[in-house]
>>> print(open('work.txt').read())   # compact mmCIF, C-alpha atoms
# COMPACT_ATOMS: atom_id res chain seq x y z
CA PRO A 1 -5.11 -8.64 -15.98
CA ASP A 2 -2.24 -8.59 -18.49
CA GLY A 3 -0.97 -12.09 -17.69
CA MET A 4 2.18 -10.81 -15.99
CA MET A 5 3.32 -11.29 -12.39
CA TYR A 6 3.63 -8.22 -10.15
CA VAL A 7 5.69 -8.51 -6.94
CA GLY A 8 6.19 -6.01 -4.12
CA ALA A 9 9.61 -5.79 -2.44
CA GLY A 10 10.56 -3.85 0.69
CA ASP A 11 13.60 -1.61 1.08
CA GLY A 12 15.75 -4.28 2.75
CA GLY A 13 16.00 -2.45 6.08
CA SER A 14 14.29 -2.69 9.42
CA VAL A 15 12.94 0.03 11.70
CA ASN A 16 15.70 2.46 12.72
CA ALA A 17 17.83 1.40 9.75
CA GLU A 18 20.28 3.87 8.25
CA TYR A 19 19.16 5.21 4.88
CA ASP A 20 22.29 6.83 3.52
CA ALA A 21 22.08 4.52 0.53
CA ASP A 22 18.68 5.91 -0.50
CA HIS A 23 17.50 2.38 -1.25
CA GLY A 24 14.12 3.52 -2.50
CA GLN A 25 15.46 6.14 -4.89
CA GLY A 26 17.28 3.92 -7.34
CA VAL A 27 16.20 1.29 -9.84
CA GLU A 28 19.50 -0.54 -10.04
CA ASN A 29 18.04 -3.39 -7.94
CA LEU A 30 14.62 -4.62 -6.84
CA LEU A 31 14.68 -3.20 -3.30
CA ALA A 32 11.77 -0.85 -2.52
CA THR A 33 10.03 -1.57 -5.82
CA ILE A 34 7.06 -3.25 -7.39
CA PHE A 35 8.42 -5.31 -10.23
CA ARG A 36 6.78 -7.03 -13.19
CA ILE A 37 7.89 -10.25 -14.86
CA ASP A 38 6.61 -12.90 -17.27
CA PRO A 39 7.10 -16.34 -15.63
CA LEU A 40 8.03 -19.19 -17.96
CA PRO A 41 6.48 -22.68 -17.73
CA GLU A 42 9.90 -24.31 -17.58
CA GLY A 43 11.12 -21.99 -14.80
CA GLY A 44 12.69 -18.57 -14.75
CA TYR A 45 11.09 -15.54 -16.36
CA ASP A 46 11.27 -13.02 -19.16
CA ILE A 47 11.17 -9.25 -18.75
CA PRO A 48 8.22 -7.65 -20.58
CA ASP A 49 9.34 -5.30 -23.35
CA ASP A 50 7.00 -2.54 -22.13
CA ASN A 51 8.44 -2.32 -18.60
CA PRO A 52 9.42 1.33 -18.02
CA PHE A 53 13.15 0.78 -17.46
CA VAL A 54 13.88 -1.64 -20.29
CA GLY A 55 16.99 -0.41 -22.06
CA VAL A 56 17.92 2.07 -19.31
CA ALA A 57 21.62 1.72 -18.47
CA GLY A 58 22.22 0.28 -15.00
CA ALA A 59 18.53 -0.30 -14.28
CA ALA A 60 16.90 -3.51 -13.13
CA GLU A 61 14.55 -3.91 -16.07
CA GLU A 62 12.03 -5.81 -13.95
CA VAL A 63 11.07 -2.61 -12.07
CA TRP A 64 7.54 -1.28 -12.68
CA ALA A 65 7.43 1.44 -9.97
CA TYR A 66 9.71 2.37 -7.07
CA GLY A 67 10.09 4.41 -3.88
CA PHE A 68 8.13 2.08 -1.56
CA ARG A 69 9.15 1.19 1.98
CA ASN A 70 7.11 -2.00 2.36
CA PRO A 71 4.30 -2.50 -0.16
CA TRP A 72 1.91 -4.76 1.73
CA ARG A 73 -0.59 -6.58 -0.48
CA LEU A 74 -1.10 -5.78 -4.16
CA SER A 75 -4.46 -5.97 -5.91
CA PHE A 76 -5.99 -5.05 -9.24
CA ASP A 77 -9.38 -3.40 -9.63
CA SER A 78 -11.28 -6.14 -11.47
CA GLU A 79 -13.19 -3.53 -13.49
CA THR A 80 -10.56 -0.90 -14.40
CA GLY A 81 -7.33 -2.90 -14.11
CA ASP A 82 -5.79 -0.26 -11.80
CA LEU A 83 -3.14 -1.60 -9.41
CA TRP A 84 -3.31 -0.66 -5.70
CA THR A 85 -1.11 -1.28 -2.67
CA GLY A 86 -0.80 -0.32 0.98
CA ASP A 87 2.70 0.93 1.87
CA VAL A 88 3.76 0.46 5.50
CA GLY A 89 5.64 3.47 6.87
CA GLU A 90 8.56 3.39 9.28
CA PHE A 91 7.36 5.52 12.20
CA PHE A 92 4.84 8.10 11.11
CA TRP A 93 2.63 7.54 8.06
CA GLU A 94 0.70 4.70 6.45
CA GLU A 95 -0.40 5.18 2.85
CA VAL A 96 -2.47 3.77 0.01
CA ASP A 97 -0.91 4.07 -3.44
CA LYS A 98 -2.36 3.75 -6.90
CA VAL A 99 0.59 2.14 -8.64
CA ILE A 100 1.44 3.76 -11.98
CA LYS A 101 4.07 2.59 -14.45
CA GLY A 102 7.46 4.24 -13.90
CA LYS A 103 6.38 6.41 -10.96
CA ASN A 104 8.41 7.17 -7.81
CA TYR A 105 6.50 6.94 -4.51
CA GLY A 106 9.00 8.91 -2.46
CA TRP A 107 10.68 6.58 0.01
CA GLU A 108 13.13 6.99 1.56
CA ILE A 109 13.04 10.75 1.10
CA ILE A 110 9.35 11.26 1.86
CA GLU A 111 7.05 9.23 4.08
CA GLY A 112 3.42 10.21 3.64
CA GLU A 113 1.60 12.68 1.41
CA TYR A 114 3.74 15.61 0.26
CA ASP A 115 0.87 17.70 -1.09
CA HIS A 116 -1.09 17.60 2.18
CA PRO A 117 -0.21 20.12 4.97
CA ASP A 118 1.59 18.28 7.79
CA GLY A 119 1.02 15.12 5.81
CA PHE A 120 4.59 13.95 5.24
CA PHE A 121 7.91 13.40 6.97
CA CYS A 122 11.41 13.97 5.56
CA HIS A 123 13.74 11.11 6.40
CA GLY A 124 17.39 10.96 7.38
CA SER A 125 19.46 13.80 5.98
CA HIS A 126 16.59 15.01 3.78
CA VAL A 127 15.67 18.12 5.79
CA ASN A 128 13.02 20.33 4.17
CA CYS A 129 12.83 17.77 1.39
CA THR A 130 11.18 18.26 -1.97
CA PRO A 131 9.59 15.59 -4.17
CA PRO A 132 12.08 13.48 -6.13
CA PRO A 133 11.84 12.97 -9.93
CA ASN A 134 8.73 11.15 -11.20
CA TYR A 135 7.10 11.53 -7.78
CA GLU A 136 3.52 10.38 -7.25
CA ASP A 137 1.63 11.28 -4.06
CA PRO A 138 -0.27 8.56 -2.18
CA ARG A 139 -4.00 8.41 -2.76
CA THR A 140 -4.58 8.69 0.99
CA THR A 141 -2.63 8.48 4.26
CA TYR A 142 -3.10 8.22 7.99
CA CYS A 143 -0.54 8.94 10.68
CA LEU A 144 0.12 6.94 13.79
CA THR A 145 -0.95 7.80 17.31
CA PHE A 146 2.39 9.06 18.62
CA VAL A 147 2.86 11.63 15.82
CA THR A 148 2.53 15.11 17.32
CA ASN A 149 0.85 18.05 15.61
CA CYS A 150 -0.94 15.80 13.16
CA GLU A 151 -4.44 16.84 12.23
CA PHE A 152 -5.02 13.46 10.58
CA LYS A 153 -3.95 11.47 13.66
CA SER A 154 -5.45 7.99 13.81
CA PRO A 155 -6.94 6.61 17.03
CA ASP A 156 -4.95 4.41 19.39
CA ALA A 157 -3.44 1.14 18.21
CA ASP A 158 -3.09 1.78 14.45
CA VAL A 159 0.36 0.46 13.55
CA ALA A 160 0.59 -0.92 10.00
CA ILE A 161 -1.59 -0.78 6.91
CA ILE A 162 -2.98 -3.93 5.28
CA GLY A 163 -3.72 -3.33 1.62
CA GLY A 164 -7.05 -4.59 0.34
CA TYR A 165 -9.24 -4.53 -2.77
CA VAL A 166 -11.55 -2.33 -4.78
CA TYR A 167 -15.00 -3.69 -3.98
CA ARG A 168 -16.93 -4.96 -7.00
CA GLY A 169 -19.52 -7.17 -5.36
CA SER A 170 -23.31 -6.89 -5.54
CA GLU A 171 -24.29 -7.19 -1.87
CA MET A 172 -23.27 -3.60 -1.02
CA PRO A 173 -23.77 -1.54 -4.20
CA GLU A 174 -23.10 1.69 -2.31
CA LEU A 175 -19.46 0.57 -2.00
CA ASP A 176 -18.96 -0.27 -5.68
CA GLY A 177 -15.58 1.13 -6.71
CA TRP A 178 -14.44 1.80 -3.14
CA TYR A 179 -10.99 0.60 -2.06
CA ILE A 180 -11.30 -1.30 1.23
CA TYR A 181 -8.25 -1.70 3.47
CA ALA A 182 -7.37 -2.21 7.14
CA ASP A 183 -4.84 -1.59 9.87
CA HIS A 184 -3.15 -4.63 11.35
CA GLY A 185 -2.84 -3.27 14.88
CA SER A 186 -6.35 -1.92 15.40
CA ALA A 187 -8.30 -4.14 12.95
CA ARG A 188 -10.07 -1.00 11.74
CA ILE A 189 -11.39 -1.30 8.19
CA ARG A 190 -11.58 1.87 6.09
CA ALA A 191 -12.57 2.69 2.51
CA PHE A 192 -12.57 5.50 -0.04
CA ASP A 193 -14.17 6.02 -3.45
CA THR A 194 -11.58 5.41 -6.17
CA SER A 195 -13.69 7.24 -8.76
CA ASP A 196 -13.53 10.52 -6.82
CA ASP A 197 -10.08 11.97 -6.07
CA SER A 198 -11.59 14.19 -3.38
CA SER A 199 -13.19 11.27 -1.55
CA GLU A 200 -11.99 11.04 2.05
CA PRO A 201 -11.73 7.65 3.78
CA ILE A 202 -14.59 6.49 5.97
CA LEU A 203 -14.51 3.97 8.81
CA LEU A 204 -16.42 0.79 7.99
CA ALA A 205 -15.59 -1.37 11.00
CA GLY A 206 -13.84 -1.00 14.35
CA SER A 207 -13.73 2.14 16.48
CA ASP A 208 -12.85 1.51 20.12
CA GLY A 209 -9.15 2.33 19.94
CA ALA A 210 -8.08 -0.86 21.72
CA PRO A 211 -5.36 -3.16 20.36
CA CYS A 212 -6.94 -5.86 18.27
CA HIS A 213 -7.78 -9.28 19.64
CA ASN A 214 -8.14 -10.64 16.11
CA CYS A 215 -5.75 -8.62 13.98
CA VAL A 216 -6.42 -8.28 10.25
CA ARG A 217 -3.77 -10.12 8.24
CA SER A 218 -5.12 -9.94 4.70
CA PHE A 219 -8.14 -9.77 2.39
CA VAL A 220 -9.32 -12.15 -0.32
CA GLN A 221 -11.58 -11.16 -3.20
CA LEU A 222 -13.95 -13.88 -4.40
CA ALA A 223 -14.98 -14.43 -8.01
CA ASP A 224 -18.24 -12.56 -7.37
CA GLY A 225 -16.38 -9.48 -6.11
CA GLU A 226 -17.24 -10.00 -2.44
CA LEU A 227 -14.46 -9.91 0.17
CA LEU A 228 -13.16 -12.17 2.90
CA VAL A 229 -11.20 -10.77 5.85
CA LEU A 230 -8.41 -12.98 7.21
CA THR A 231 -7.64 -12.42 10.89
CA ALA A 232 -5.47 -13.88 13.63
CA PRO A 233 -4.35 -12.80 17.10
CA HIS A 234 -0.68 -12.80 18.04
CA ASP A 235 -0.98 -15.91 20.20
CA GLY A 236 -3.66 -18.21 18.86
CA PRO A 237 -5.74 -19.45 15.93
CA GLY A 238 -7.35 -17.01 13.56
CA ALA A 239 -10.63 -16.77 11.69
CA ILE A 240 -11.96 -15.91 8.24
CA TYR A 241 -14.91 -13.54 7.96
CA ARG A 242 -17.12 -12.63 5.04
CA PHE A 243 -17.31 -8.86 4.68
CA GLN A 244 -20.97 -7.88 4.69
CA ARG A 245 -23.42 -5.29 5.90
CA VAL A 246 -24.56 -5.53 9.52
CA PRO A 247 -28.31 -6.34 9.59
>>> encode(input="work.txt", output="structure tokens")
Amino acid sequence: PDGMMYVGAGDGGSVNAEYDADHGQGVENLLATIFRIDPLPEGGYDIPDDNPFVGVAGAAEEVWAYGFRNPWRLSFDSETGDLWTGDVGEFFWEEVDKVIKGKNYGWEIIEGEYDHPDGFFCHGSHVNCTPPPNYEDPRTTYCLTFVTNCEFKSPDADVAIIGGYVYRGSEMPELDGWYIYADHGSARIRAFDTSDDSSEPILLAGSDGAPCHNCVRSFVQLADGELLVLTAPHDGPGAIYRFQRVP
């Protein structure tokens, strides 16, 4: 909405990677960040003057927010301008983040929601960890099936979050202002009310717990605010669905 380009970057590691470098807890490079630039018509880009780390010694001035493991799909609320992303966890927690300028989203110290009982995991050498500076909790989380002692355990086959959009269409007014997102492995689609911080996610589609036969890959928001769901199996052609109420 401000004419700038926002890009999500992962932490540069794979599953089971060593995290002694605390990739997510520095802003000296673009790993594990969402960064913001002003592309130039002739190529290259400028760095906006109001980026939070402009003028900070040793910082990559492109950085807008940091502490993400793998921010998967970015979207702006077309009404409020708020920026949202789904952050894919390593083993335990998937999360939805409202992305705020200069904030730290915890990785690789914390995976999940620190302020929720049993809702986070301390990584690597960070035993009994505490929130790092500028920390911002996720808006919501869900943990994966093999996590023990998790009261928020998701059903079978959830494996990786797919970030979506805040719904602003007219066909389902009861979902106006709700952030709609999915899990790649189960194809479950969930949503929560962004105008109510106490709103818990609800399940909109999918429930059988079986691995998906048409896994959700992404969402598209049309000019009228309605959503398309992009799907594909692991071994064949995919399909595009219009998200709508079941008759």
>>> residues_around(input="work.txt", residues="Leu222 in chain A", least_positions_apart="3", cutoff="12 Å", atoms="only C-alpha atoms", output="list of chain:residue names")
A:Ser78, A:Tyr165, A:Val166, A:Tyr167, A:Arg168, A:Gly169, A:Ser170, A:Phe219, A:Gly225, A:Glu226, A:Leu227, A:Leu228, A:Val229, A:Arg242, A:Phe243
>>> closest_residue(input="work.txt", among="A:Glu62, A:Glu94, A:Asp224, A:Asp46", to="Asn29 in chain A", atoms="all atoms listed in the file")
A:Glu62
>>> residues_around(input="work.txt", residues="range 188-198 of chain A", least_positions_apart="6", cutoff="12 Å", atoms="all atoms listed in the file", output="VMD selection string")
chain A and resid 77 79 to 80 82 to 84 96 to 98 137 to 142 154 to 168 174 to 182 204 to 219 229 231 243
>>> write_last_selection(input="work.txt", atoms="C-alpha atoms", output="PDB file, keeping the file's coordinate frame")
ATOM      1  CA  ASP A  77      -9.380  -3.400  -9.630  1.00  0.00           C
ATOM      2  CA  GLU A  79     -13.190  -3.530 -13.490  1.00  0.00           C
ATOM      3  CA  THR A  80     -10.560  -0.900 -14.400  1.00  0.00           C
ATOM      4  CA  ASP A  82      -5.790  -0.260 -11.800  1.00  0.00           C
ATOM      5  CA  LEU A  83      -3.140  -1.600  -9.410  1.00  0.00           C
ATOM      6  CA  TRP A  84      -3.310  -0.660  -5.700  1.00  0.00           C
ATOM      7  CA  VAL A  96      -2.470   3.770   0.010  1.00  0.00           C
ATOM      8  CA  ASP A  97      -0.910   4.070  -3.440  1.00  0.00           C
ATOM      9  CA  LYS A  98      -2.360   3.750  -6.900  1.00  0.00           C
ATOM     10  CA  ASP A 137       1.630  11.280  -4.060  1.00  0.00           C
ATOM     11  CA  PRO A 138      -0.270   8.560  -2.180  1.00  0.00           C
ATOM     12  CA  ARG A 139      -4.000   8.410  -2.760  1.00  0.00           C
ATOM     13  CA  THR A 140      -4.580   8.690   0.990  1.00  0.00           C
ATOM     14  CA  THR A 141      -2.630   8.480   4.260  1.00  0.00           C
ATOM     15  CA  TYR A 142      -3.100   8.220   7.990  1.00  0.00           C
ATOM     16  CA  SER A 154      -5.450   7.990  13.810  1.00  0.00           C
ATOM     17  CA  PRO A 155      -6.940   6.610  17.030  1.00  0.00           C
ATOM     18  CA  ASP A 156      -4.950   4.410  19.390  1.00  0.00           C
ATOM     19  CA  ALA A 157      -3.440   1.140  18.210  1.00  0.00           C
ATOM     20  CA  ASP A 158      -3.090   1.780  14.450  1.00  0.00           C
ATOM     21  CA  VAL A 159       0.360   0.460  13.550  1.00  0.00           C
ATOM     22  CA  ALA A 160       0.590  -0.920  10.000  1.00  0.00           C
ATOM     23  CA  ILE A 161      -1.590  -0.780   6.910  1.00  0.00           C
ATOM     24  CA  ILE A 162      -2.980  -3.930   5.280  1.00  0.00           C
ATOM     25  CA  GLY A 163      -3.720  -3.330   1.620  1.00  0.00           C
ATOM     26  CA  GLY A 164      -7.050  -4.590   0.340  1.00  0.00           C
ATOM     27  CA  TYR A 165      -9.240  -4.530  -2.770  1.00  0.00           C
ATOM     28  CA  VAL A 166     -11.550  -2.330  -4.780  1.00  0.00           C
ATOM     29  CA  TYR A 167     -15.000  -3.690  -3.980  1.00  0.00           C
ATOM     30  CA  ARG A 168     -16.930  -4.960  -7.000  1.00  0.00           C
ATOM     31  CA  GLU A 174     -23.100   1.690  -2.310  1.00  0.00           C
ATOM     32  CA  LEU A 175     -19.460   0.570  -2.000  1.00  0.00           C
ATOM     33  CA  ASP A 176     -18.960  -0.270  -5.680  1.00  0.00           C
ATOM     34  CA  GLY A 177     -15.580   1.130  -6.710  1.00  0.00           C
ATOM     35  CA  TRP A 178     -14.440   1.800  -3.140  1.00  0.00           C
ATOM     36  CA  TYR A 179     -10.990   0.600  -2.060  1.00  0.00           C
ATOM     37  CA  ILE A 180     -11.300  -1.300   1.230  1.00  0.00           C
ATOM     38  CA  TYR A 181      -8.250  -1.700   3.470  1.00  0.00           C
ATOM     39  CA  ALA A 182      -7.370  -2.210   7.140  1.00  0.00           C
ATOM     40  CA  LEU A 204     -16.420   0.790   7.990  1.00  0.00           C
ATOM     41  CA  ALA A 205     -15.590  -1.370  11.000  1.00  0.00           C
ATOM     42  CA  GLY A 206     -13.840  -1.000  14.350  1.00  0.00           C
ATOM     43  CA  SER A 207     -13.730   2.140  16.480  1.00  0.00           C
ATOM     44  CA  ASP A 208     -12.850   1.510  20.120  1.00  0.00           C
ATOM     45  CA  GLY A 209      -9.150   2.330  19.940  1.00  0.00           C
ATOM     46  CA  ALA A 210      -8.080  -0.860  21.720  1.00  0.00           C
ATOM     47  CA  PRO A 211      -5.360  -3.160  20.360  1.00  0.00           C
ATOM     48  CA  CYS A 212      -6.940  -5.860  18.270  1.00  0.00           C
ATOM     49  CA  HIS A 213      -7.780  -9.280  19.640  1.00  0.00           C
ATOM     50  CA  ASN A 214      -8.140 -10.640  16.110  1.00  0.00           C
ATOM     51  CA  CYS A 215      -5.750  -8.620  13.980  1.00  0.00           C
ATOM     52  CA  VAL A 216      -6.420  -8.280  10.250  1.00  0.00           C
ATOM     53  CA  ARG A 217      -3.770 -10.120   8.240  1.00  0.00           C
ATOM     54  CA  SER A 218      -5.120  -9.940   4.700  1.00  0.00           C
ATOM     55  CA  PHE A 219      -8.140  -9.770   2.390  1.00  0.00           C
ATOM     56  CA  VAL A 229     -11.200 -10.770   5.850  1.00  0.00           C
ATOM     57  CA  THR A 231      -7.640 -12.420  10.890  1.00  0.00           C
ATOM     58  CA  PHE A 243     -17.310  -8.860   4.680  1.00  0.00           C
TER      59      PHE A 243
END
>>> residues_around(input="work.txt", residues="Lys101 in chain A", least_positions_apart="5", cutoff="10 Å", atoms="only C-alpha atoms", output="list of chain:residue names")
A:Ile34, A:Phe35, A:Asp50, A:Asn51, A:Pro52, A:Phe53, A:Val63, A:Trp64, A:Ala65, A:Tyr66, A:Leu83
>>> closest_residue(input="work.txt", among="A:Asp2, A:Asp235, A:Glu61, A:Glu108", to="Leu30 in chain A", atoms="all atoms listed in the file")
A:Glu61
>>> atom_distance(input="work.txt", atom1="CA of Pro48 in chain A", atom2="CA of Gly86 in chain A")
24.5 Å
>>> atom_distance(input="work.txt", atom1="CA of Ser75 in chain A", atom2="CA of His184 in chain A")
17.4 Å
>>> atom_distance(input="work.txt", atom1="CA of Asn104 in chain A", atom2="CA of Val54 in chain A")
16.2 Å
>>> residues_around(input="work.txt", residues="Ala9 in chain A", least_positions_apart="2", cutoff="6 Å", atoms="only C-alpha atoms", output="PyMOL selection string")
chain A and resi 31-33
>>> closest_residue(input="work.txt", among="A:Cys122, A:Val99, A:Leu40, A:Leu230", to="Phe68 in chain A", atoms="all atoms listed in the file")
A:Val99
>>> closest_residue(input="work.txt", among="A:Glu171, A:Asp183, A:Ala57, A:Gly26", to="Trp93 in chain A", atoms="only C-alpha atoms")
A:Asp183
>>> build_atoms(input="work.txt", residues="range 76-109 of chain A", atoms="N, CA and C atoms", output="short mmCIF file (atom, residue, chain, number, x, y, z; two decimals), in the frame of the given file")
data_model
loop_
_atom_site.label_atom_id
_atom_site.label_comp_id
_atom_site.auth_asym_id
_atom_site.auth_seq_id
_atom_site.Cartn_x
_atom_site.Cartn_y
_atom_site.Cartn_z
N PHE A 76 -5.48 -5.74 -8.06
CA PHE A 76 -5.99 -5.05 -9.24
C PHE A 76 -7.49 -4.82 -9.09
N ASP A 77 -7.95 -3.66 -9.51
CA ASP A 77 -9.38 -3.40 -9.63
C ASP A 77 -9.89 -4.28 -10.76
N SER A 78 -10.81 -5.18 -10.47
CA SER A 78 -11.28 -6.14 -11.47
C SER A 78 -12.04 -5.47 -12.61
N GLU A 79 -12.46 -4.23 -12.43
CA GLU A 79 -13.19 -3.53 -13.49
C GLU A 79 -12.28 -2.63 -14.32
N THR A 80 -11.40 -1.87 -13.68
CA THR A 80 -10.56 -0.90 -14.40
C THR A 80 -9.16 -1.40 -14.70
N GLY A 81 -8.70 -2.42 -13.96
CA GLY A 81 -7.33 -2.90 -14.11
C GLY A 81 -6.31 -2.09 -13.34
N ASP A 82 -6.73 -1.06 -12.59
CA ASP A 82 -5.79 -0.26 -11.80
C ASP A 82 -5.17 -1.12 -10.70
N LEU A 83 -3.88 -0.87 -10.43
CA LEU A 83 -3.14 -1.60 -9.41
C LEU A 83 -3.04 -0.74 -8.14
N TRP A 84 -3.33 -1.35 -6.99
CA TRP A 84 -3.31 -0.66 -5.70
C TRP A 84 -2.45 -1.41 -4.70
N THR A 85 -1.86 -0.66 -3.76
CA THR A 85 -1.11 -1.28 -2.67
C THR A 85 -1.20 -0.41 -1.42
N GLY A 86 -1.01 -1.04 -0.26
CA GLY A 86 -0.80 -0.32 0.98
C GLY A 86 0.69 -0.32 1.28
N ASP A 87 1.26 0.85 1.58
CA ASP A 87 2.70 0.93 1.87
C ASP A 87 2.89 1.24 3.35
N VAL A 88 3.55 0.32 4.06
CA VAL A 88 3.76 0.46 5.50
C VAL A 88 4.89 1.45 5.75
N GLY A 89 4.62 2.49 6.54
CA GLY A 89 5.64 3.47 6.87
C GLY A 89 6.58 2.97 7.95
N GLU A 90 7.61 3.78 8.24
CA GLU A 90 8.56 3.39 9.28
C GLU A 90 8.04 3.77 10.66
N PHE A 91 7.79 5.06 10.89
CA PHE A 91 7.36 5.52 12.20
C PHE A 91 6.07 6.33 12.16
N PHE A 92 5.79 7.01 11.06
CA PHE A 92 4.84 8.10 11.11
C PHE A 92 3.59 7.90 10.26
N TRP A 93 3.74 7.49 9.01
CA TRP A 93 2.63 7.54 8.06
C TRP A 93 2.41 6.20 7.38
N GLU A 94 1.14 5.83 7.26
CA GLU A 94 0.70 4.70 6.45
C GLU A 94 0.01 5.27 5.22
N GLU A 95 0.18 4.60 4.07
CA GLU A 95 -0.40 5.18 2.85
C GLU A 95 -0.97 4.13 1.93
N VAL A 96 -1.93 4.57 1.11
CA VAL A 96 -2.47 3.77 0.01
C VAL A 96 -2.00 4.40 -1.28
N ASP A 97 -1.44 3.58 -2.17
CA ASP A 97 -0.91 4.07 -3.44
C ASP A 97 -1.61 3.42 -4.62
N LYS A 98 -1.98 4.24 -5.59
CA LYS A 98 -2.36 3.75 -6.90
C LYS A 98 -1.07 3.63 -7.69
N VAL A 99 -0.73 2.41 -8.08
CA VAL A 99 0.59 2.14 -8.64
C VAL A 99 0.58 2.38 -10.15
N ILE A 100 1.40 3.33 -10.58
CA ILE A 100 1.44 3.76 -11.98
C ILE A 100 2.82 3.45 -12.56
N LYS A 101 2.85 2.97 -13.75
CA LYS A 101 4.07 2.59 -14.45
C LYS A 101 5.13 3.69 -14.39
N GLY A 102 6.32 3.34 -13.88
CA GLY A 102 7.46 4.24 -13.90
C GLY A 102 7.49 5.29 -12.81
N LYS A 103 6.47 5.34 -11.96
CA LYS A 103 6.38 6.41 -10.96
C LYS A 103 7.23 6.10 -9.72
N ASN A 104 7.58 7.20 -9.01
CA ASN A 104 8.41 7.17 -7.81
C ASN A 104 7.52 7.57 -6.63
N TYR A 105 7.41 6.69 -5.62
CA TYR A 105 6.50 6.94 -4.51
C TYR A 105 7.19 7.52 -3.27
N GLY A 106 8.41 8.00 -3.43
CA GLY A 106 9.00 8.91 -2.46
C GLY A 106 9.95 8.37 -1.43
N TRP A 107 9.79 7.12 -1.01
CA TRP A 107 10.68 6.58 0.01
C TRP A 107 12.07 6.37 -0.56
N GLU A 108 13.18 6.69 0.16
CA GLU A 108 13.13 6.99 1.56
C GLU A 108 13.28 8.49 1.86
N ILE A 109 13.00 9.31 0.87
CA ILE A 109 13.04 10.75 1.10
C ILE A 109 11.78 11.21 1.82
#
